[in-house]
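Engineer: Structure incoming, see below.
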Amino acid sequence: MNKGSCEYTIIDNSWIGNNTKMMILEGPTESFSAPGQFINIAIPGFTLRRPISVCDIEGDYLTIVYDVVGGGTERLAEMHPDTKLDILPALGNGFDIAKCGKSPLLLAGGVGCPPIYSLAKTLLANEILPTVILGFNSSERMIMIEQFENLDIPFHVATLDGSYGTKGYVTDVIREENIIADAFSACGPLPMLRSLCEHLEMPGQVSLEARMACGFGICMCCSVESRKGPKRICKDGPVFDKEDLIWK
Amino acid sequence: MEIKKKVSANSPMAVEVAGVKMKNPVIPASGCFGYGYGMSDFYDLDILGAISFKGTTLQPRFGNPLPRVAECTSGMINSVGLQNPGIDAVISEELPKMREAFHGPIIANISGFSVDEYRECCRRISGERGVEMIELNVSCPNVHGGGMSFGTCTDSVSEVVREVKKVTDLPVIVKLSPNVTDIVSIARAAEDAGADGLCLINTLLGMRIDLKTRKPVVANVMGGFSGQAVFPVALRMVYQVAKACRIPVIGCGGIAAAEDVLEMMMAGAKAVEVGTANLINPMACKEIIESLPTAMEKYGIKKLEELS
């Protein structure tokens, strides 16, 4: 049985970028089963929970990374350590390690980095060495560079304005560095995911996002059409196989 | 292991609506509980009074483009657009799974864009094991009647009820739209046409604009406003309609606690539907049911049926 929401305690809530915070939470982690799953956080004063991807799990500690984009995340950003949060944990289906290939390529754009970090760590724990490419608009928007560097894996960064790493998109890195992989996994803005699905000639898994109400498959607010019929991003996803997605 | 409390028909929480016996008055509202089985991970659904399933139409519908949801103070706007797999798939695929997860009364929430569609859906669902009541969602636009919602016009409400009653022996209740000038006249039209009960309110038409993009938050521009903010409006309408009609009323709109259930029943409701609360807390209905006895004791209520 799913116990519903659980209480978590904020251990740390620090800025890691101009507009991005990393929060460490203490609470139950045993229900999480795959990188790419998310949590849905109740924020006092706001009706709807805020769905946020899990970045890392270590014992009873769960790390999330979030952009401050509106009232709800502004309120979250103000919260101090020891604050209790009501959270629905372990939502959705994450990345399938079996579909990542023997030489996986992991790609993230902007605040899509956290689940890709979790995936990279999980692959390493399974003795699979991934290559990671992160894309940002500019060096000012970069996050989690040090964390990825510390994984000691093939790692590249692209910025649109060329202020750090390769100038351009993550796909420009693939071309310039002549990166060979047998499957890709990605999380980031929709145009990036679309471009990857349309241009990379290998199997892939991508993590989608949408405005949600419930986060556990009941309200139908985050449905997308797929080759296997309508799918709920929150419950059937957020990670989908490239070949199941329809881009309009 | 949880100990299941058996609730008999003469329990203090038991209610009856249009001949359908429920062990308590708490019914998850249509659109906020799917076809039930998706919620059985969270708790044993057999504690519920009944379940109203996701609004179902004749043909499968994908619904509206995203975003379909906008947050509001103490509420939310949705424009899902009646996404559902169609009545035949509901009967062949969803209902069997629903019956496995829930053994109480199933309320079939039926939507239509024409009188024929309502009639055909109701004909097909009638006789399906477990389905004990039909709830007509009359908030959809009438495509043959100029696109106005069925529920905003006494004539179209009457016509839908009369035609549906011809094809089913199940009790038929009408879920009324609050987006009308005079809810009492619509309620009376449904009653006069032969409705066995009423459920109110459906969502209030609402809208939000994103300050950054200066565009509506939901892709469909407008949507249905629900949640705790609408409770006083729902309560007022239930009170007006229950006083004006003889058929039973199910109260719906912003219910999130046992006290709200009692208040709604004091306004004249025989049972209640809980909607948005389920989306925020999947345990909402369970927690409401479990706290009802304490709330009843606090306010000196021996049996819920004495309230309305």
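Residues are referred to by chain and number: the chain letter is A, B, ... according to the order shown in the structure tokens, the number counts from 1 in that chain, and ligands are numbered separately from 1 in the order shown.
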With only C-alpha atoms counted and 6 Å as the cut-off, give the residues of chain A in contact with chain B, each with its shortest interatomic distance in Å and the pair that gives it, as CSV.

Structural biologist:
```
residue,atom,partner,partner_atom,distance
A:Met1,CA,B:Asp41,CA,5.2
A:Asn2,CA,B:Phe42,CA,4.8
A:Thr47,CA,B:Ser74,CA,5.4
A:Cys214,CA,B:Leu279,CA,4.4
A:Ile218,CA,B:Gly34,CA,5.3
A:Cys219,CA,B:Cys32,CA,5.6
A:Cys221,CA,B:Arg68,CA,5.2
```

Engineer: Keeping only N, CA, C and O atoms, write the selected residues as an mmCIF file, in the first residue's frame.

Structural biologist:
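Saved file again_1.cif follows:
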```cif
data_model
loop_
_atom_site.group_PDB
_atom_site.id
_atom_site.type_symbol
_atom_site.label_atom_id
_atom_site.label_comp_id
_atom_site.auth_asym_id
_atom_site.auth_seq_id
_atom_site.Cartn_x
_atom_site.Cartn_y
_atom_site.Cartn_z
ATOM 1 N N MET A 1 0.840 -1.213 0.000
ATOM 2 C CA MET A 1 0.000 0.000 0.000
ATOM 3 C C MET A 1 0.875 1.263 0.000
ATOM 4 O O MET A 1 1.879 1.344 0.695
ATOM 5 N N ASN A 2 0.464 2.246 -0.771
ATOM 6 C CA ASN A 2 1.111 3.544 -0.775
ATOM 7 C C ASN A 2 0.547 4.355 0.399
ATOM 8 O O ASN A 2 -0.662 4.444 0.562
ATOM 9 N N THR A 47 -2.533 25.995 -3.329
ATOM 10 C CA THR A 47 -3.454 24.874 -3.464
ATOM 11 C C THR A 47 -2.759 23.633 -3.995
ATOM 12 O O THR A 47 -2.901 22.550 -3.425
ATOM 13 N N CYS A 214 -2.589 16.584 -9.744
ATOM 14 C CA CYS A 214 -2.389 15.570 -8.697
ATOM 15 C C CYS A 214 -0.975 15.007 -8.661
ATOM 16 O O CYS A 214 -0.394 14.859 -7.603
ATOM 17 N N ILE A 218 -4.563 10.763 -11.626
ATOM 18 C CA ILE A 218 -6.001 10.757 -11.470
ATOM 19 C C ILE A 218 -6.716 11.886 -12.228
ATOM 20 O O ILE A 218 -7.805 11.705 -12.742
ATOM 21 N N CYS A 219 -6.081 13.066 -12.328
ATOM 22 C CA CYS A 219 -6.816 14.242 -12.829
ATOM 23 C C CYS A 219 -6.765 14.407 -14.344
ATOM 24 O O CYS A 219 -7.570 15.139 -14.905
ATOM 25 N N CYS A 221 -4.650 16.037 -16.078
ATOM 26 C CA CYS A 221 -4.236 17.381 -16.483
ATOM 27 C C CYS A 221 -2.935 17.380 -17.287
ATOM 28 O O CYS A 221 -2.608 18.366 -17.916
#
```

Engineer: If you count only C-alpha atoms, which residues fall within 7 Å of range 251-266 of chain B, apart from same-chain ones fewer than 2 positions away, as a ChimeraX atom specification?

Structural biologist: /B:199-201,226-231,234-235,238,249,268-274,277,288-289,291-292,295,307-308

Engineer: Hey, can you spit out that residue selection with N, CA, C and O atoms as a compact mmCIF listing (two decimals), in the first residue's frame?

Structural biologist:
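Result file is selection-v1.txt:
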```txt
# COMPACT_ATOMS: atom_id res chain seq x y z
N CYS B 199 -27.16 16.48 -8.35
CA CYS B 199 -25.86 16.67 -7.72
C CYS B 199 -25.41 18.07 -8.08
O CYS B 199 -25.47 18.46 -9.25
N LEU B 200 -25.01 18.85 -7.08
CA LEU B 200 -24.53 20.18 -7.39
C LEU B 200 -23.55 20.63 -6.31
O LEU B 200 -23.68 20.21 -5.18
N ILE B 201 -22.50 21.39 -6.82
CA ILE B 201 -22.37 22.01 -8.12
C ILE B 201 -21.21 21.41 -8.92
O ILE B 201 -20.26 20.90 -8.34
N SER B 226 -12.65 24.98 -9.16
CA SER B 226 -13.10 24.09 -8.08
C SER B 226 -12.17 24.24 -6.89
O SER B 226 -11.19 24.97 -6.95
N GLY B 227 -12.49 23.52 -5.83
CA GLY B 227 -11.64 23.57 -4.64
C GLY B 227 -12.34 24.31 -3.51
O GLY B 227 -13.48 24.77 -3.64
N GLN B 228 -11.64 24.42 -2.38
CA GLN B 228 -12.27 24.93 -1.16
C GLN B 228 -12.91 26.32 -1.33
O GLN B 228 -13.88 26.63 -0.65
N ALA B 229 -12.37 27.12 -2.25
CA ALA B 229 -12.92 28.47 -2.45
C ALA B 229 -14.38 28.45 -2.87
O ALA B 229 -15.12 29.40 -2.60
N VAL B 230 -14.84 27.38 -3.52
CA VAL B 230 -16.21 27.39 -4.05
C VAL B 230 -17.23 26.86 -3.04
O VAL B 230 -18.43 26.89 -3.30
N PHE B 231 -16.76 26.39 -1.88
CA PHE B 231 -17.66 25.76 -0.92
C PHE B 231 -18.88 26.62 -0.54
O PHE B 231 -20.02 26.13 -0.58
N ALA B 234 -21.37 26.59 -3.40
CA ALA B 234 -22.00 25.27 -3.52
C ALA B 234 -23.04 25.09 -2.42
O ALA B 234 -24.17 24.64 -2.66
N LEU B 235 -22.68 25.45 -1.21
CA LEU B 235 -23.57 25.28 -0.06
C LEU B 235 -24.86 26.09 -0.26
O LEU B 235 -25.96 25.59 -0.04
N VAL B 238 -26.99 24.37 -2.93
CA VAL B 238 -27.59 23.15 -2.39
C VAL B 238 -28.78 23.51 -1.50
O VAL B 238 -29.85 22.91 -1.58
N VAL B 249 -30.68 15.55 -3.03
CA VAL B 249 -29.58 16.34 -3.57
C VAL B 249 -28.26 15.82 -3.01
O VAL B 249 -28.16 15.54 -1.82
N GLY B 268 -29.07 20.52 3.33
CA GLY B 268 -30.09 19.73 2.64
C GLY B 268 -29.57 18.59 1.80
O GLY B 268 -30.35 17.86 1.19
N ALA B 269 -28.24 18.39 1.76
CA ALA B 269 -27.69 17.30 0.95
C ALA B 269 -27.87 15.96 1.66
O ALA B 269 -27.74 15.87 2.87
N LYS B 270 -28.19 14.92 0.88
CA LYS B 270 -28.32 13.55 1.43
C LYS B 270 -26.98 12.84 1.43
O LYS B 270 -26.78 11.84 2.11
N ALA B 271 -26.09 13.28 0.56
CA ALA B 271 -24.73 12.73 0.45
C ALA B 271 -23.85 13.83 -0.14
O ALA B 271 -24.36 14.90 -0.49
N VAL B 272 -22.54 13.56 -0.22
CA VAL B 272 -21.64 14.58 -0.77
C VAL B 272 -20.67 13.96 -1.76
O VAL B 272 -20.33 12.77 -1.66
N GLU B 273 -20.22 14.76 -2.70
CA GLU B 273 -19.12 14.34 -3.57
C GLU B 273 -17.90 15.18 -3.23
O GLU B 273 -18.01 16.39 -3.03
N VAL B 274 -16.76 14.51 -3.16
CA VAL B 274 -15.50 15.17 -2.84
C VAL B 274 -14.63 15.12 -4.10
O VAL B 274 -14.37 14.04 -4.63
N ALA B 277 -10.19 17.91 -3.47
CA ALA B 277 -9.42 17.47 -2.28
C ALA B 277 -8.62 16.20 -2.56
O ALA B 277 -7.51 16.04 -2.06
N ILE B 288 -11.60 11.99 5.65
CA ILE B 288 -12.91 12.59 5.93
C ILE B 288 -13.82 11.56 6.59
O ILE B 288 -14.46 11.83 7.62
N ILE B 289 -13.86 10.36 6.02
CA ILE B 289 -14.73 9.30 6.55
C ILE B 289 -14.31 8.94 7.98
O ILE B 289 -15.14 8.81 8.88
N SER B 291 -12.82 10.76 10.13
CA SER B 291 -13.04 11.81 11.14
C SER B 291 -14.51 12.17 11.31
O SER B 291 -14.85 12.98 12.18
N LEU B 292 -15.38 11.56 10.49
CA LEU B 292 -16.82 11.86 10.62
C LEU B 292 -17.39 11.51 12.01
O LEU B 292 -18.10 12.35 12.59
N ALA B 295 -16.52 14.20 14.51
CA ALA B 295 -17.21 15.45 14.20
C ALA B 295 -18.70 15.34 14.54
O ALA B 295 -19.29 16.29 15.07
N LEU B 307 -29.96 14.73 9.51
CA LEU B 307 -29.57 16.11 9.18
C LEU B 307 -30.38 16.71 8.03
O LEU B 307 -30.67 17.89 8.02
N SER B 308 -30.70 15.88 7.03
CA SER B 308 -31.33 16.47 5.86
C SER B 308 -32.73 15.92 5.61
O SER B 308 -33.10 14.90 6.13
```

Engineer: Skipping near chain neighbours, those fewer than 3 positions away, what residues fall within 9 Å of Ile116 in chain A using only C-alpha atoms, listed as a tab-separated table (two decimals) with N, CA and C atoms, in the first residue's frame?

Structural biologist:
```tsv
chain	number	residue	atom	x	y	z
A	35	PRO	N	15.96	6.32	-11.06
A	35	PRO	CA	16.30	7.74	-11.30
A	35	PRO	C	15.29	8.32	-12.28
A	36	GLY	N	14.92	9.60	-12.08
A	36	GLY	CA	13.93	10.22	-12.97
A	36	GLY	C	12.56	10.29	-12.35
A	55	CYS	N	17.11	14.56	-7.53
A	55	CYS	CA	18.48	14.72	-8.04
A	55	CYS	C	19.40	13.65	-7.48
A	106	LEU	N	24.03	10.67	-21.95
A	106	LEU	CA	23.04	11.37	-21.13
A	106	LEU	C	23.09	12.86	-21.44
A	107	LEU	N	21.93	13.44	-21.70
A	107	LEU	CA	21.88	14.85	-22.08
A	107	LEU	C	20.88	15.59	-21.21
A	108	ALA	N	21.29	16.78	-20.76
A	108	ALA	CA	20.38	17.59	-19.95
A	108	ALA	C	20.47	19.04	-20.36
A	112	GLY	N	16.96	20.54	-16.24
A	112	GLY	CA	16.83	19.11	-16.54
A	112	GLY	C	18.02	18.31	-16.01
A	113	CYS	N	19.01	19.02	-15.47
A	113	CYS	CA	20.22	18.34	-14.97
A	113	CYS	C	19.98	17.37	-13.81
A	119	LEU	N	20.61	9.62	-12.72
A	119	LEU	CA	20.76	8.51	-13.67
A	119	LEU	C	22.24	8.15	-13.84
A	120	ALA	N	23.10	9.17	-13.97
A	120	ALA	CA	24.54	8.92	-14.14
A	120	ALA	C	25.08	8.15	-12.94
A	121	LYS	N	24.68	8.57	-11.74
A	121	LYS	CA	25.15	7.88	-10.53
A	121	LYS	C	24.69	6.42	-10.48
A	132	VAL	N	28.21	12.36	-20.40
A	132	VAL	CA	27.19	13.36	-20.07
A	132	VAL	C	27.47	14.66	-20.82
A	185	SER	N	19.63	9.21	-23.13
A	185	SER	CA	18.61	9.53	-22.13
A	185	SER	C	18.69	11.03	-21.91
A	186	ALA	N	17.53	11.70	-21.86
A	186	ALA	CA	17.58	13.16	-21.83
A	186	ALA	C	16.48	13.76	-20.97
A	187	CYS	N	16.78	14.94	-20.43
A	187	CYS	CA	15.79	15.73	-19.70
A	187	CYS	C	16.12	17.20	-19.94
```

Engineer: Which residues in range 10-202 of chain A does DSSP call strand (DSSP E)? List them as a CSV table (one decimal) with N, CA and C atoms, in the first residue's frame.

Structural biologist:
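And here's part-v4.csv as it stands now:
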```csv
chain,number,residue,atom,x,y,z
A,10,ILE,N,13.6,19.8,6.0
A,10,ILE,CA,14.6,20.4,5.3
A,10,ILE,C,15.9,20.4,6.1
A,11,ILE,N,17.0,19.9,5.4
A,11,ILE,CA,18.3,19.9,6.1
A,11,ILE,C,19.1,21.1,5.5
A,12,ASP,N,19.0,21.4,4.2
A,12,ASP,CA,19.7,22.5,3.6
A,12,ASP,C,18.9,23.0,2.5
A,13,ASN,N,19.0,24.3,2.2
A,13,ASN,CA,18.3,24.9,1.1
A,13,ASN,C,19.1,26.1,0.6
A,14,SER,N,20.0,25.8,-0.3
A,14,SER,CA,21.1,26.8,-0.7
A,14,SER,C,21.0,27.1,-2.2
A,15,TRP,N,21.4,28.3,-2.5
A,15,TRP,CA,21.5,28.7,-3.9
A,15,TRP,C,22.7,28.0,-4.6
A,20,THR,N,18.6,29.2,-9.1
A,20,THR,CA,18.4,27.8,-8.8
A,20,THR,C,18.8,27.5,-7.4
A,21,LYS,N,18.0,26.7,-6.7
A,21,LYS,CA,18.4,26.2,-5.3
A,21,LYS,C,18.5,24.7,-5.3
A,22,MET,N,19.3,24.2,-4.3
A,22,MET,CA,19.4,22.8,-4.1
A,22,MET,C,18.9,22.6,-2.6
A,23,MET,N,17.9,21.7,-2.5
A,23,MET,CA,17.4,21.4,-1.2
A,23,MET,C,17.7,19.9,-0.8
A,24,ILE,N,18.2,19.8,0.4
A,24,ILE,CA,18.4,18.4,0.9
A,24,ILE,C,17.3,18.1,2.0
A,25,LEU,N,16.6,17.0,1.8
A,25,LEU,CA,15.5,16.7,2.7
A,25,LEU,C,15.8,15.4,3.4
A,26,GLU,N,15.3,15.3,4.6
A,26,GLU,CA,15.5,14.0,5.3
A,26,GLU,C,14.1,13.4,5.5
A,38,PHE,N,9.8,11.6,-9.4
A,38,PHE,CA,9.7,13.0,-8.9
A,38,PHE,C,8.9,12.9,-7.6
A,39,ILE,N,9.0,14.1,-6.9
A,39,ILE,CA,8.2,14.2,-5.7
A,39,ILE,C,7.2,15.4,-5.9
A,40,ASN,N,6.1,15.4,-5.1
A,40,ASN,CA,5.1,16.5,-5.2
A,40,ASN,C,5.0,17.1,-3.9
A,41,ILE,N,5.4,18.4,-3.8
A,41,ILE,CA,5.6,19.0,-2.5
A,41,ILE,C,4.4,20.0,-2.2
A,42,ALA,N,3.8,19.8,-1.1
A,42,ALA,CA,2.7,20.8,-0.6
A,42,ALA,C,3.4,22.0,-0.1
A,50,ARG,N,3.9,21.1,-5.8
A,50,ARG,CA,4.9,21.4,-6.8
A,50,ARG,C,5.7,20.2,-7.1
A,51,PRO,N,5.5,19.7,-8.4
A,51,PRO,CA,6.3,18.5,-8.8
A,51,PRO,C,7.7,18.8,-9.1
A,52,ILE,N,8.7,18.1,-8.4
A,52,ILE,CA,10.1,18.4,-8.7
A,52,ILE,C,10.9,17.0,-8.7
A,53,SER,N,11.7,16.9,-9.7
A,53,SER,CA,12.5,15.7,-10.0
A,53,SER,C,13.5,15.5,-8.8
A,54,VAL,N,13.8,14.2,-8.6
A,54,VAL,CA,14.8,13.9,-7.6
A,54,VAL,C,16.2,13.9,-8.2
A,55,CYS,N,17.1,14.6,-7.5
A,55,CYS,CA,18.5,14.7,-8.0
A,55,CYS,C,19.4,13.6,-7.5
A,56,ASP,N,19.2,13.3,-6.2
A,56,ASP,CA,20.1,12.3,-5.6
A,56,ASP,C,19.4,11.7,-4.4
A,57,ILE,N,19.7,10.5,-4.1
A,57,ILE,CA,19.3,9.8,-2.8
A,57,ILE,C,20.5,9.2,-2.2
A,58,GLU,N,20.7,9.5,-0.9
A,58,GLU,CA,21.7,8.8,-0.1
A,58,GLU,C,21.1,8.5,1.3
A,61,TYR,N,18.5,10.7,3.0
A,61,TYR,CA,18.5,12.0,2.4
A,61,TYR,C,18.2,12.1,1.0
A,62,LEU,N,17.4,13.0,0.6
A,62,LEU,CA,16.9,13.2,-0.7
A,62,LEU,C,17.3,14.6,-1.2
A,63,THR,N,17.9,14.7,-2.4
A,63,THR,CA,18.2,16.0,-2.9
A,63,THR,C,17.4,16.4,-4.1
A,64,ILE,N,16.9,17.7,-4.0
A,64,ILE,CA,16.2,18.2,-5.2
A,64,ILE,C,16.9,19.5,-5.6
A,65,VAL,N,16.7,19.8,-6.9
A,65,VAL,CA,17.2,21.1,-7.4
A,65,VAL,C,16.1,21.7,-8.2
A,66,TYR,N,15.8,23.0,-7.9
A,66,TYR,CA,14.6,23.7,-8.5
A,66,TYR,C,14.9,25.1,-8.9
A,67,ASP,N,14.3,25.5,-10.0
A,67,ASP,CA,14.4,26.9,-10.4
A,67,ASP,C,13.3,27.7,-9.7
A,84,LYS,N,9.3,21.5,8.2
A,84,LYS,CA,8.7,20.2,7.8
A,84,LYS,C,7.9,20.4,6.5
A,85,LEU,N,8.1,19.5,5.6
A,85,LEU,CA,7.3,19.5,4.3
A,85,LEU,C,6.5,18.3,4.1
A,86,ASP,N,5.2,18.5,3.6
A,86,ASP,CA,4.3,17.4,3.3
A,86,ASP,C,4.6,17.0,1.8
A,87,ILE,N,5.1,15.8,1.6
A,87,ILE,CA,5.5,15.4,0.2
A,87,ILE,C,4.9,14.1,-0.2
A,88,LEU,N,4.5,14.0,-1.4
A,88,LEU,CA,4.1,12.7,-2.0
A,88,LEU,C,5.4,12.2,-2.7
A,89,PRO,N,6.0,11.1,-2.2
A,89,PRO,CA,7.3,10.7,-2.7
A,89,PRO,C,7.2,9.7,-3.9
A,90,ALA,N,8.3,9.4,-4.6
A,90,ALA,CA,8.4,8.3,-5.5
A,90,ALA,C,7.3,8.3,-6.6
A,91,LEU,N,7.1,9.4,-7.2
A,91,LEU,CA,6.0,9.4,-8.2
A,91,LEU,C,6.6,9.1,-9.6
A,104,PRO,N,26.1,4.6,-22.7
A,104,PRO,CA,24.9,5.5,-22.7
A,104,PRO,C,25.4,7.0,-22.9
A,105,LEU,N,24.6,7.7,-23.6
A,105,LEU,CA,24.8,9.2,-23.7
A,105,LEU,C,23.7,9.9,-22.9
A,106,LEU,N,24.0,10.7,-21.9
A,106,LEU,CA,23.0,11.4,-21.1
A,106,LEU,C,23.1,12.9,-21.4
A,107,LEU,N,21.9,13.4,-21.7
A,107,LEU,CA,21.9,14.8,-22.1
A,107,LEU,C,20.9,15.6,-21.2
A,108,ALA,N,21.3,16.8,-20.8
A,108,ALA,CA,20.4,17.6,-19.9
A,108,ALA,C,20.5,19.0,-20.4
A,109,GLY,N,19.3,19.7,-20.3
A,109,GLY,CA,19.3,21.2,-20.5
A,109,GLY,C,18.8,21.9,-19.3
A,131,THR,N,28.4,8.9,-20.9
A,131,THR,CA,29.0,10.2,-21.3
A,131,THR,C,27.9,11.2,-21.0
A,132,VAL,N,28.2,12.4,-20.4
A,132,VAL,CA,27.2,13.4,-20.1
A,132,VAL,C,27.5,14.7,-20.8
A,133,ILE,N,26.4,15.2,-21.4
A,133,ILE,CA,26.5,16.6,-22.0
A,133,ILE,C,25.4,17.4,-21.4
A,134,LEU,N,25.8,18.6,-20.8
A,134,LEU,CA,24.8,19.5,-20.3
A,134,LEU,C,24.8,20.7,-21.2
A,135,GLY,N,23.6,21.3,-21.4
A,135,GLY,CA,23.4,22.5,-22.2
A,135,GLY,C,22.8,23.6,-21.3
A,136,PHE,N,23.3,24.8,-21.5
A,136,PHE,CA,22.7,26.0,-20.8
A,136,PHE,C,22.7,27.2,-21.8
A,155,PHE,N,32.6,14.1,-19.8
A,155,PHE,CA,31.6,15.2,-19.4
A,155,PHE,C,31.9,16.4,-20.2
A,156,HIS,N,30.8,17.0,-20.8
A,156,HIS,CA,30.9,18.1,-21.7
A,156,HIS,C,29.8,19.1,-21.4
A,157,VAL,N,30.1,20.4,-21.7
A,157,VAL,CA,29.1,21.4,-21.5
A,157,VAL,C,29.0,22.3,-22.8
A,158,ALA,N,27.8,22.6,-23.1
A,158,ALA,CA,27.6,23.6,-24.2
A,158,ALA,C,26.8,24.8,-23.7
A,159,THR,N,27.2,25.9,-24.2
A,159,THR,CA,26.3,27.1,-23.8
A,159,THR,C,26.0,27.8,-25.2
A,166,THR,N,31.5,24.3,-25.3
A,166,THR,CA,31.2,24.4,-26.7
A,166,THR,C,30.1,25.4,-27.0
A,167,LYS,N,30.3,26.3,-28.0
A,167,LYS,CA,29.2,27.2,-28.3
A,167,LYS,C,28.1,26.5,-29.1
A,183,ALA,N,22.7,4.4,-27.0
A,183,ALA,CA,21.3,4.9,-26.6
A,183,ALA,C,21.5,6.2,-25.8
A,184,PHE,N,20.4,7.0,-25.9
A,184,PHE,CA,20.5,8.3,-25.2
A,184,PHE,C,19.4,8.4,-24.2
A,185,SER,N,19.6,9.2,-23.1
A,185,SER,CA,18.6,9.5,-22.1
A,185,SER,C,18.7,11.0,-21.9
A,186,ALA,N,17.5,11.7,-21.9
A,186,ALA,CA,17.6,13.2,-21.8
A,186,ALA,C,16.5,13.8,-21.0
A,187,CYS,N,16.8,14.9,-20.4
A,187,CYS,CA,15.8,15.7,-19.7
A,187,CYS,C,16.1,17.2,-19.9
```

Engineer: Counting only C-alpha atoms, what is within 7 Å of Val15 in chain B, bar same-chain residues fewer than 2 positions away, as a PyMOL selection string?

Structural biologist: chain B and resi 13+17+21-25+270+305

Engineer: Near range 237-246 of chain A, within 6 Å and counting only C-alpha atoms, which residues show up once chain neighbours fewer than 6 positions away are dropped, as a list in words?

Structural biologist: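 After dropping sequence-adjacent residues, the list is Gly92, Asn93, Gly94, Phe95, Cys197, Gly204, Gln205, Val206, Ser207, Leu208, Ser226 and Arg227 of chain A.
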
Engineer: The selected residues should be written to file as a CSV table (one decimal), in the first residue's frame (atoms: all heavy atoms).

Structural biologist:
```csv
chain,number,residue,atom,x,y,z
A,92,GLY,N,5.8,8.5,-10.5
A,92,GLY,CA,6.1,8.3,-11.9
A,92,GLY,C,7.1,7.2,-12.1
A,92,GLY,O,7.6,6.5,-11.2
A,93,ASN,N,7.3,6.9,-13.4
A,93,ASN,CA,8.3,5.9,-13.8
A,93,ASN,C,9.5,6.6,-14.3
A,93,ASN,O,9.5,7.5,-15.2
A,93,ASN,CB,7.7,5.1,-15.0
A,93,ASN,CG,6.6,4.2,-14.5
A,93,ASN,OD1,6.7,3.4,-13.5
A,93,ASN,ND2,5.4,4.3,-15.1
A,94,GLY,N,10.7,6.3,-13.8
A,94,GLY,CA,11.9,6.9,-14.1
A,94,GLY,C,12.6,6.3,-15.3
A,94,GLY,O,11.9,5.6,-16.1
A,95,PHE,N,13.9,6.5,-15.4
A,95,PHE,CA,14.7,5.9,-16.5
A,95,PHE,C,14.9,4.4,-16.3
A,95,PHE,O,15.1,4.0,-15.2
A,95,PHE,CB,16.0,6.6,-16.6
A,95,PHE,CG,15.9,8.0,-17.1
A,95,PHE,CD1,15.9,9.1,-16.2
A,95,PHE,CD2,15.8,8.3,-18.5
A,95,PHE,CE1,15.9,10.4,-16.6
A,95,PHE,CE2,15.8,9.7,-18.9
A,95,PHE,CZ,15.8,10.7,-18.0
A,197,CYS,N,15.2,13.6,-30.2
A,197,CYS,CA,14.4,12.5,-30.7
A,197,CYS,C,14.4,12.4,-32.2
A,197,CYS,O,14.4,11.3,-32.8
A,197,CYS,CB,12.9,12.5,-30.2
A,197,CYS,SG,12.8,12.2,-28.4
A,204,GLY,N,16.2,6.0,-27.5
A,204,GLY,CA,16.3,7.0,-26.5
A,204,GLY,C,15.1,7.0,-25.5
A,204,GLY,O,14.1,6.5,-25.8
A,205,GLN,N,15.4,7.6,-24.3
A,205,GLN,CA,14.4,7.8,-23.3
A,205,GLN,C,14.4,9.3,-23.0
A,205,GLN,O,15.5,9.8,-22.7
A,205,GLN,CB,14.6,7.0,-22.0
A,205,GLN,CG,14.9,5.6,-22.2
A,205,GLN,CD,15.2,5.0,-20.8
A,205,GLN,OE1,14.4,4.7,-20.0
A,205,GLN,NE2,16.5,4.7,-20.6
A,206,VAL,N,13.3,9.9,-22.9
A,206,VAL,CA,13.3,11.4,-22.5
A,206,VAL,C,12.2,11.6,-21.4
A,206,VAL,O,11.2,10.9,-21.3
A,206,VAL,CB,12.9,12.3,-23.7
A,206,VAL,CG1,14.0,12.2,-24.8
A,206,VAL,CG2,11.6,12.0,-24.3
A,207,SER,N,12.6,12.5,-20.5
A,207,SER,CA,11.7,12.9,-19.4
A,207,SER,C,11.0,14.2,-19.7
A,207,SER,O,11.6,15.2,-20.0
A,207,SER,CB,12.6,13.1,-18.2
A,207,SER,OG,11.7,13.4,-17.1
A,208,LEU,N,9.6,14.1,-19.8
A,208,LEU,CA,8.8,15.2,-20.1
A,208,LEU,C,8.3,15.9,-18.8
A,208,LEU,O,8.3,15.3,-17.7
A,208,LEU,CB,7.6,14.8,-20.9
A,208,LEU,CG,7.8,14.0,-22.2
A,208,LEU,CD1,6.5,13.7,-22.9
A,208,LEU,CD2,8.7,14.8,-23.1
A,226,SER,N,0.3,9.6,-27.4
A,226,SER,CA,1.5,8.8,-27.8
A,226,SER,C,1.1,7.7,-28.8
A,226,SER,O,-0.1,7.6,-29.1
A,226,SER,CB,2.1,8.1,-26.5
A,226,SER,OG,1.4,6.9,-26.3
A,227,ARG,N,2.1,7.0,-29.3
A,227,ARG,CA,1.8,6.0,-30.3
A,227,ARG,C,1.1,4.8,-29.6
A,227,ARG,O,0.6,3.9,-30.3
A,227,ARG,CB,3.0,5.5,-31.0
A,227,ARG,CG,3.7,6.6,-31.8
A,227,ARG,CD,4.8,6.2,-32.7
A,227,ARG,NE,5.5,7.3,-33.2
A,227,ARG,CZ,5.1,8.2,-34.0
A,227,ARG,NH1,3.9,8.1,-34.6
A,227,ARG,NH2,5.9,9.3,-34.3
```

Engineer: Applying 7 Å and only C-alpha atoms, which residues near Cys121 in chain B remain after dropping the ones on its own chain fewer than 2 positions away? List them as a PyMOL selection string.

Structural biologist: chain B and resi 57-58+87+110+117-119+123-125

Engineer: Which of range 93-182 of chain A end up as alpha helix (DSSP H) when DSSP is run on this backbone - answer as JSON, numbers by chain?

Structural biologist: {"A": [113, 114, 115, 116, 117, 118, 119, 120, 121, 122, 123, 124, 125, 145, 146, 147, 148, 149, 150, 170, 171, 172, 173, 174, 175, 176]}
